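Engineer: Supplied in structure tokens, the structure appears directly below.
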2 protein chains.
Amino acid sequence: MVKGKVLVAQGGGPTAVINQSMVGVVTEARKFSHIDAVYGALHGVKGIVNEDFVDLTLETGANLERVAATPSAALGSTRDKPDRAYCQAILKSLRAHGITYFFYIGGNDSSDTVRIVSDEAKAENYPLRSLHIPKTIDNDLMENDHTPGYPSAARFVSQAFVGANLDNRALPGVYLAVVMGRNAGFLTAAAGFGRKFGEDGPHLLYLPERNFSLDSFLADVKAAEARHGRCVVAVSEGIHDADGDLIALTLAKQVEKDAHGNVQLSGSGALADLLTDAIRTKLGLKRVRGDTLGYLQRSFAGSVSEIDQREAREVGEKAVQFAMALDRDGSVAIQRVGDYDVDYRLVPLTAVAAKTRTMPDAFINAAGNDVTPAFIDYLRPLLGGGLADPGRLRGASQRVQKILGK
Amino acid sequence: MVKGKVLVAQGGGPTAVINQSMVGVVTEARKFSHIDAVYGALHGVKGIVNEDFVDLTLETGANLERVAATPSAALGSTRDKPDRAYCQAILKSLRAHGITYFFYIGGNDSSDTVRIVSDEAKAENYPLRSLHIPKTIDNDLMENDHTPGYPSAARFVSQAFVGANLDNRALPGVYLAVVMGRNAGFLTAAAGFGRKFGEDGPHLLYLPERNFSLDSFLADVKAAEARHGRCVVAVSEGIHDADGDLIALTLAKQVEKDAHGNVQLSGSGALADLLTDAIRTKLGLKRVRGDTLGYLQRSFAGSVSEIDQREAREVGEKAVQFAMALDRDGSVAIQRVGDYDVDYRLVPLTAVAAKTRTMPDAFINAAGNDVTPAFIDYLRPLLGGGLADPGRLRGASQRVQKILGK
């Protein structure tokens with residue numbers, strides 16, 4: 001255990017519970033007497049190279065608890081994806097401030113940054129422990145049963161579709177909503193969770209794990225609408241054709257790319273509008289509505305899973321404990337044990353960094369337009385309590401005989 | 001009090017609490033011994049002319065309570081706006097089934113239907129009590145301090161912007177979200193409720209009560225972005241230029257009209273995309289994101305105001321009581337009394353039918369791009385408990401001195 005300071009930072013897209021992990025690091029690190037101080041970097045790696053640090057040992061415990069319960073990244077985040085030179089600048093800043101423990105909360109891009117920083121520190125013989133703490137609403141980190149942030153986002157998506165299904169039942173038509181998830185369909189799949197009665201929507205789900213064909217999609221919508229007199233559809237923003245080209249791209253003209261070379265899919269209603277236009281024009285259906293769930297999926301203040309909160313806190317605490325007890329770098333990973341609890345492991349950074357986990361085949365139906373019961377079983381314990389349990393009138397047996405007989 | 005049956009129906013866009021009003025009618029009506037049965041019509045007026053009735057006296061109390069707590073219209077709804085001939089068909093169906101009390105839960109279009117049915121019944125000397133029960137997330141009914149459905153939708157919008165502001169603070173840029181509300185800005189205004197710290201967004205709000213100018217809008221965004229390094233904007237879907245032409249219309253090519261002759265604004269991301277495009281191209285700003293809150297505003301399963309639930313239940317109960325005690329037709333209206341409670345009046349149908357209430361001037365700032373503290377005070381008691389109270393790190397006094405001094 002090397003005497004020095006701890007630095008914690010947050011990277012990538014914020015979640016409802018990423019502050020839990022940050023506070024987990026702060027509170028746990030302060031229990032170790034060889035830690036001089038716990039710093040936070042503002043806006044992730046960008047704040048490290050710019051030495052934009054705050055001393056979190058000057059935060060009260062009461063305020064840290066309030067911050068932990070607040071969505072989004074309290075330290076600020078960044079989309080910067082550092083290369084080797086950037087990571088050397090990070091290391092220079094860490095050394096200057098006597099930081100010997102570096103904790104970075106983020107997704108697979110952030111874990112790759114931790115991997116490079118770890119390698120650079122070794123090369124320079126600087127005694128640094130570099131740990132990656134998992135976070136992503138996409139649920140796409142290798143080695144993890146699931147990732148903090150996903151359960152709360154999945155809860156939001158699930159509850160959104162429970163309501164959308166009821167709304168569509170009252171005013172029938174076609175309702176389609178686009179869900180976040182570039183490469184992995186876990187979040188879109190959560191749309192299928194809240195179905196209770198046989199005819200409940202979403203009736204169709206399209207995931208990036210399967211190739212999307214506009215013709216099959218339209219045939220599916222036509223069949224579902226004919227069967228139910230209405231149709232609710234969940235579509236991942238990352239759907240692509242057999243060539244791997246994004247449907248949002250092939251349908252839209254202009255796209256924006258972020259620093260990671262990723263296509264900008266969120267923050268636009270284009271995909272939903274293009275798909276609903278296709279349904280209107282090619283199927284001749286009238287009441288067709290398209291929503292894009294957008295940033296609310298990761299930021300909505302009021303749809304948090306308490307399981308997610310607890311686990312997000314724990315991955316922060318465990319990261320500190322692993323750093324102290326095992327004295328090696330790595331990424332904290334969540335394992336599912338029993339039915340339902342979790343345990344944590346420290347896995348090599350190379351096992352997680354810059355890799356993407358997608359939905360296993362067992363979670364997707366044969367037709368590629370729905371999830372399986374196995375996925376529902378997987379998701380159930382993650383969402384937390386107090387979910388909607390919609391009631392409906394028992395109309396069938398209580399229909400009144402017509403008199404005018406129209 | 002005329003012996004006979006009660007009929008209840010739901011019209012227009014569903015809300016989170018419209019079933020409370022329906023159940024209020026059913027449970028209250030069953031207390032009166034001269035009522036033979038309580039029927040529900042499926043899909044509003046459409047179900048009445050088609051005699052699609054269910055006997056709600058065969059529903060258990062326990063199930064009615066579950067339905068009351070479920071969002072959207074359990075009986076189904078309709079966008080049909082009956083003319084005189086349609087209302088005569090309604091009356092024919094009511095007479096055939098011995099219905100002497102007609103309760104229609106809906107907005108200003110629904111109240112106009114009740115008005116015509118009421119007139120036709122008088123003309124035919126048929127002993128019918130016709131009552132309108134208020135419901136609309138737009139909050140635009142005359143004579144009402146506010147309308148059931150609005151508080152829950154406002155709660156959703158408020159919580160959405162609390163999260164969006166925190167997200168935008170972590171990853172700065174311009175974030176714009178389009179909120180429902182064709183003629184009245186009450187729902188968009190709710191976006192301004194959750195601001196806590198001086199620099200919290202939304203920094204700009206645009207309401208249909210003021211003419212929208214793209215130039216002023218862009219100047220506002222530029223100034224806010226320069227000041228805060230970021231900008232969160234709430235825009236009503238109903239914004240229009242000085243000629244009264246909808247911005248969504250002038251910017252988009254194709255529009256869809258519903259049976260009421262209203263332009264189709266919801267179920268499309270076009271307005272948000274067009275405004276964010278303008279910000280990108282005309283101001284040269286980079287990270288610009290647009291969301292359209294869409295149908296979640298009225299249907300999300302998990303953001304309900306308990307005040308709204310209670311009042312929605314009460315307007316249903318009061319409608320029955322007014323019908324029995326006052327023996328006249330009318331519309332139930334909510335009055336605010338004390339700080340905070342409500343009382344109910346029965347007002348003439350002509351005072352509400354087909355009329356629209358908009359935001360009073362006292363609720364809008366001079367520049368026409370924000371709400372006033374008077375609006376916040378108006379909204380506060382309606383939203384219910386358990387709202388997000390975001391914490392933030394007290395970074396300013398705890399900034400660490402730079403060493404490398406970059």
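Residue numbering restarts at 1 for every chain of the structure tokens, chains are lettered A, B, ... in their displayed order, and ligands are numbered from 1 as they appear.
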With a distance cut-off of 12 Å and only C-alpha atoms, select the neighbouring residues of Gly76 (chain A), excluding the residue or stretch itself and same-chain residues fewer than 2 positions from it, and output the selection as a ChimeraX atom specification.

Structural biologist: /A:8-15,18-19,22,40-48,52-54,71-74,78-79,105 /B:166-172,392-393,395

Engineer: Dump C-alpha atoms for the selected residues as a PDB file, in the first residue's frame?

Structural biologist:
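Done, and the output landed in result-v2.pdb:
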ATOM      1  CA  VAL A   8     -11.608   9.631  -8.690  1.00  0.00           C
ATOM      2  CA  ALA A   9     -13.122  10.721 -12.001  1.00  0.00           C
ATOM      3  CA  GLN A  10     -16.239  10.049 -14.061  1.00  0.00           C
ATOM      4  CA  GLY A  11     -16.257   9.425 -17.826  1.00  0.00           C
ATOM      5  CA  GLY A  12     -18.733   8.898 -20.666  1.00  0.00           C
ATOM      6  CA  GLY A  13     -22.489   9.259 -20.545  1.00  0.00           C
ATOM      7  CA  PRO A  14     -23.879  10.000 -17.076  1.00  0.00           C
ATOM      8  CA  THR A  15     -26.285   7.590 -15.391  1.00  0.00           C
ATOM      9  CA  ILE A  18     -22.803   7.085 -11.225  1.00  0.00           C
ATOM     10  CA  ASN A  19     -22.504   9.407  -8.220  1.00  0.00           C
ATOM     11  CA  MET A  22     -17.936   8.140  -6.811  1.00  0.00           C
ATOM     12  CA  GLY A  40     -12.034  14.451  -7.708  1.00  0.00           C
ATOM     13  CA  ALA A  41     -11.185  15.449 -11.289  1.00  0.00           C
ATOM     14  CA  LEU A  42     -13.670  17.706 -13.052  1.00  0.00           C
ATOM     15  CA  HIS A  43     -14.910  16.390 -16.410  1.00  0.00           C
ATOM     16  CA  GLY A  44     -12.985  13.145 -16.348  1.00  0.00           C
ATOM     17  CA  VAL A  45      -9.607  12.802 -18.000  1.00  0.00           C
ATOM     18  CA  LYS A  46      -9.860  16.358 -19.329  1.00  0.00           C
ATOM     19  CA  GLY A  47      -9.831  17.622 -15.741  1.00  0.00           C
ATOM     20  CA  ILE A  48      -6.824  15.463 -14.914  1.00  0.00           C
ATOM     21  CA  ASP A  52      -8.985  20.699 -12.363  1.00  0.00           C
ATOM     22  CA  PHE A  53      -9.187  18.934  -9.028  1.00  0.00           C
ATOM     23  CA  VAL A  54     -11.488  19.346  -6.029  1.00  0.00           C
ATOM     24  CA  PRO A  71     -28.507  11.533 -11.109  1.00  0.00           C
ATOM     25  CA  SER A  72     -25.759  12.480 -13.593  1.00  0.00           C
ATOM     26  CA  ALA A  73     -22.035  12.923 -12.944  1.00  0.00           C
ATOM     27  CA  ALA A  74     -21.478  15.438 -10.145  1.00  0.00           C
ATOM     28  CA  THR A  78     -16.132  13.960 -20.881  1.00  0.00           C
ATOM     29  CA  ARG A  79     -16.243  12.180 -24.222  1.00  0.00           C
ATOM     30  CA  ILE A 105     -15.798   5.274 -13.391  1.00  0.00           C
TER      31      ILE A 105
ATOM     32  CA  LEU B 166     -27.777  17.686 -14.539  1.00  0.00           C
ATOM     33  CA  ASP B 167     -26.856  15.693 -17.639  1.00  0.00           C
ATOM     34  CA  ASN B 168     -26.110  18.860 -19.595  1.00  0.00           C
ATOM     35  CA  ARG B 169     -24.013  20.161 -16.709  1.00  0.00           C
ATOM     36  CA  ALA B 170     -21.879  16.999 -16.797  1.00  0.00           C
ATOM     37  CA  LEU B 171     -21.480  17.033 -20.593  1.00  0.00           C
ATOM     38  CA  PRO B 172     -21.978  20.682 -21.593  1.00  0.00           C
ATOM     39  CA  ARG B 392     -24.060  18.998  -5.804  1.00  0.00           C
ATOM     40  CA  LEU B 393     -20.465  19.016  -4.691  1.00  0.00           C
ATOM     41  CA  GLY B 395     -16.470  22.452  -5.378  1.00  0.00           C
TER      42      GLY B 395
END

Engineer: Counting only C-alpha atoms, figure out which residue out of A:Val117, A:Ala362, A:Ala278, A:Val235 gets nearest to Asp329 (chain A).

Structural biologist: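 For Asp329 (chain A), the nearest of the given residues is A:Val117.
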
Engineer: Could you please determine the separation between CA of Ser110 (chain B) and CA of Arg84 (chain B) in Å, to one decimal place?

Structural biologist: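 So the answer is 13.5 Å.
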
Engineer: Residues within 7 Å of Gly290 (chain B), please, as an MDAnalysis selection string. Count only C-alpha atoms; anything in the same chain fewer than 5 positions from it doesn't count.

Structural biologist: (chainID A and resid 267:268) or (chainID B and resid 175:177 272:273 276)

Engineer: I need the chosen residues saved as a short mmCIF file (atom, residue, chain, number, x, y, z; two decimals), in the first residue's frame, with N, CA and C atoms.

Structural biologist:
data_model
loop_
_atom_site.label_atom_id
_atom_site.label_comp_id
_atom_site.auth_asym_id
_atom_site.auth_seq_id
_atom_site.Cartn_x
_atom_site.Cartn_y
_atom_site.Cartn_z
N GLY A 267 -30.18 12.31 -29.50
CA GLY A 267 -30.37 13.74 -29.67
C GLY A 267 -30.98 14.09 -31.01
N SER A 268 -31.66 13.15 -31.61
CA SER A 268 -32.34 13.39 -32.87
C SER A 268 -33.52 12.44 -32.97
N TYR B 175 -28.94 21.63 -25.07
CA TYR B 175 -29.98 20.60 -25.01
C TYR B 175 -31.34 21.27 -25.12
N LEU B 176 -32.12 20.79 -26.05
CA LEU B 176 -33.45 21.35 -26.28
C LEU B 176 -34.47 20.22 -26.23
N ALA B 177 -35.58 20.45 -25.54
CA ALA B 177 -36.62 19.42 -25.56
C ALA B 177 -37.97 20.06 -25.83
N ALA B 272 -37.98 19.53 -32.86
CA ALA B 272 -36.70 19.52 -32.12
C ALA B 272 -35.53 19.43 -33.09
N ASP B 273 -35.65 18.57 -34.10
CA ASP B 273 -34.56 18.39 -35.06
C ASP B 273 -34.32 19.67 -35.87
N THR B 276 -32.67 22.33 -33.50
CA THR B 276 -31.26 22.02 -33.19
C THR B 276 -30.40 22.19 -34.45
#

Engineer: Please report, as a VMD selection string, each residue of region 154-289 of chain A to which DSSP assigns helix (DSSP H, G or I) when run on this structure's backbone.

Structural biologist: chain A and resid 154 to 170 186 to 192 214 to 228 247 to 251 270 to 283

Engineer: Quick one: everything within 7 Å of Gln159 (chain A), counting only C-alpha atoms, minus sequence neighbours fewer than 2 positions away in the same chain. Send it as a PDB file with all heavy atoms, in the first residue's frame.

Structural biologist:
ATOM      1  N   ARG A 155     -35.265   0.325 -16.009  1.00  0.00           N
ATOM      2  CA  ARG A 155     -36.511   0.607 -15.298  1.00  0.00           C
ATOM      3  C   ARG A 155     -37.288   1.709 -16.001  1.00  0.00           C
ATOM      4  O   ARG A 155     -38.499   1.620 -16.202  1.00  0.00           O
ATOM      5  CB  ARG A 155     -36.185   1.026 -13.851  1.00  0.00           C
ATOM      6  CG  ARG A 155     -37.410   1.299 -12.996  1.00  0.00           C
ATOM      7  CD  ARG A 155     -37.016   1.827 -11.618  1.00  0.00           C
ATOM      8  NE  ARG A 155     -38.188   2.205 -10.865  1.00  0.00           N
ATOM      9  CZ  ARG A 155     -38.736   1.468  -9.905  1.00  0.00           C
ATOM     10  NH1 ARG A 155     -38.191   0.334  -9.548  1.00  0.00           N
ATOM     11  NH2 ARG A 155     -39.839   1.868  -9.293  1.00  0.00           N
ATOM     12  N   PHE A 156     -36.580   2.774 -16.397  1.00  0.00           N
ATOM     13  CA  PHE A 156     -37.236   3.877 -17.097  1.00  0.00           C
ATOM     14  C   PHE A 156     -37.869   3.385 -18.400  1.00  0.00           C
ATOM     15  O   PHE A 156     -39.028   3.672 -18.692  1.00  0.00           O
ATOM     16  CB  PHE A 156     -36.249   5.016 -17.386  1.00  0.00           C
ATOM     17  CG  PHE A 156     -36.876   6.173 -18.093  1.00  0.00           C
ATOM     18  CD1 PHE A 156     -37.499   7.176 -17.372  1.00  0.00           C
ATOM     19  CD2 PHE A 156     -36.895   6.239 -19.477  1.00  0.00           C
ATOM     20  CE1 PHE A 156     -38.129   8.239 -18.019  1.00  0.00           C
ATOM     21  CE2 PHE A 156     -37.525   7.293 -20.138  1.00  0.00           C
ATOM     22  CZ  PHE A 156     -38.138   8.293 -19.401  1.00  0.00           C
ATOM     23  N   VAL A 157     -37.100   2.646 -19.175  1.00  0.00           N
ATOM     24  CA  VAL A 157     -37.602   2.161 -20.471  1.00  0.00           C
ATOM     25  C   VAL A 157     -38.800   1.236 -20.267  1.00  0.00           C
ATOM     26  O   VAL A 157     -39.817   1.348 -20.966  1.00  0.00           O
ATOM     27  CB  VAL A 157     -36.475   1.443 -21.257  1.00  0.00           C
ATOM     28  CG1 VAL A 157     -37.029   0.719 -22.479  1.00  0.00           C
ATOM     29  CG2 VAL A 157     -35.404   2.449 -21.677  1.00  0.00           C
ATOM     30  N   PHE A 161     -42.709   1.994 -21.586  1.00  0.00           N
ATOM     31  CA  PHE A 161     -43.489   1.138 -22.483  1.00  0.00           C
ATOM     32  C   PHE A 161     -44.753   0.601 -21.818  1.00  0.00           C
ATOM     33  O   PHE A 161     -45.738   0.342 -22.512  1.00  0.00           O
ATOM     34  CB  PHE A 161     -42.622   0.014 -23.062  1.00  0.00           C
ATOM     35  CG  PHE A 161     -41.876   0.442 -24.289  1.00  0.00           C
ATOM     36  CD1 PHE A 161     -40.629   1.038 -24.193  1.00  0.00           C
ATOM     37  CD2 PHE A 161     -42.449   0.297 -25.541  1.00  0.00           C
ATOM     38  CE1 PHE A 161     -39.949   1.464 -25.324  1.00  0.00           C
ATOM     39  CE2 PHE A 161     -41.781   0.719 -26.680  1.00  0.00           C
ATOM     40  CZ  PHE A 161     -40.523   1.306 -26.580  1.00  0.00           C
ATOM     41  N   VAL A 162     -44.746   0.431 -20.513  1.00  0.00           N
ATOM     42  CA  VAL A 162     -45.989   0.063 -19.826  1.00  0.00           C
ATOM     43  C   VAL A 162     -47.027   1.157 -20.072  1.00  0.00           C
ATOM     44  O   VAL A 162     -48.179   0.887 -20.441  1.00  0.00           O
ATOM     45  CB  VAL A 162     -45.756  -0.131 -18.309  1.00  0.00           C
ATOM     46  CG1 VAL A 162     -47.084  -0.172 -17.555  1.00  0.00           C
ATOM     47  CG2 VAL A 162     -44.968  -1.406 -18.059  1.00  0.00           C
ATOM     48  N   GLY A 163     -46.617   2.398 -19.911  1.00  0.00           N
ATOM     49  CA  GLY A 163     -47.525   3.519 -20.145  1.00  0.00           C
ATOM     50  C   GLY A 163     -47.903   3.655 -21.611  1.00  0.00           C
ATOM     51  O   GLY A 163     -49.071   3.870 -21.952  1.00  0.00           O
TER      52      GLY A 163
ATOM     53  N   PHE B 300     -46.448   7.952 -18.824  1.00  0.00           N
ATOM     54  CA  PHE B 300     -45.368   7.276 -18.107  1.00  0.00           C
ATOM     55  C   PHE B 300     -45.879   6.644 -16.815  1.00  0.00           C
ATOM     56  O   PHE B 300     -46.521   7.294 -15.993  1.00  0.00           O
ATOM     57  CB  PHE B 300     -44.247   8.270 -17.790  1.00  0.00           C
ATOM     58  CG  PHE B 300     -43.017   7.611 -17.219  1.00  0.00           C
ATOM     59  CD1 PHE B 300     -42.188   6.857 -18.030  1.00  0.00           C
ATOM     60  CD2 PHE B 300     -42.700   7.733 -15.880  1.00  0.00           C
ATOM     61  CE1 PHE B 300     -41.050   6.247 -17.509  1.00  0.00           C
ATOM     62  CE2 PHE B 300     -41.574   7.131 -15.351  1.00  0.00           C
ATOM     63  CZ  PHE B 300     -40.748   6.380 -16.171  1.00  0.00           C
ATOM     64  N   ALA B 301     -45.590   5.351 -16.666  1.00  0.00           N
ATOM     65  CA  ALA B 301     -46.064   4.620 -15.489  1.00  0.00           C
ATOM     66  C   ALA B 301     -45.047   4.776 -14.367  1.00  0.00           C
ATOM     67  O   ALA B 301     -44.116   4.004 -14.262  1.00  0.00           O
ATOM     68  CB  ALA B 301     -46.256   3.147 -15.843  1.00  0.00           C
ATOM     69  N   GLY B 302     -45.204   5.792 -13.576  1.00  0.00           N
ATOM     70  CA  GLY B 302     -44.252   5.965 -12.493  1.00  0.00           C
ATOM     71  C   GLY B 302     -43.924   7.410 -12.211  1.00  0.00           C
ATOM     72  O   GLY B 302     -42.886   7.713 -11.630  1.00  0.00           O
TER      73      GLY B 302
END

Engineer: Which one is closest to Pro348 (chain B): B:Ala325, B:His132, B:Met180, B:Thr281? Count only C-alpha atoms.

Structural biologist: B:His132

Engineer: Contacts of His34 (chain A) at 10 Å or less, counting only C-alpha atoms, minus same-chain residues fewer than 5 places along, as a list in words?

Structural biologist: Met1, Val2, Lys3, Gly4, Lys5 and Ala29 of chain A
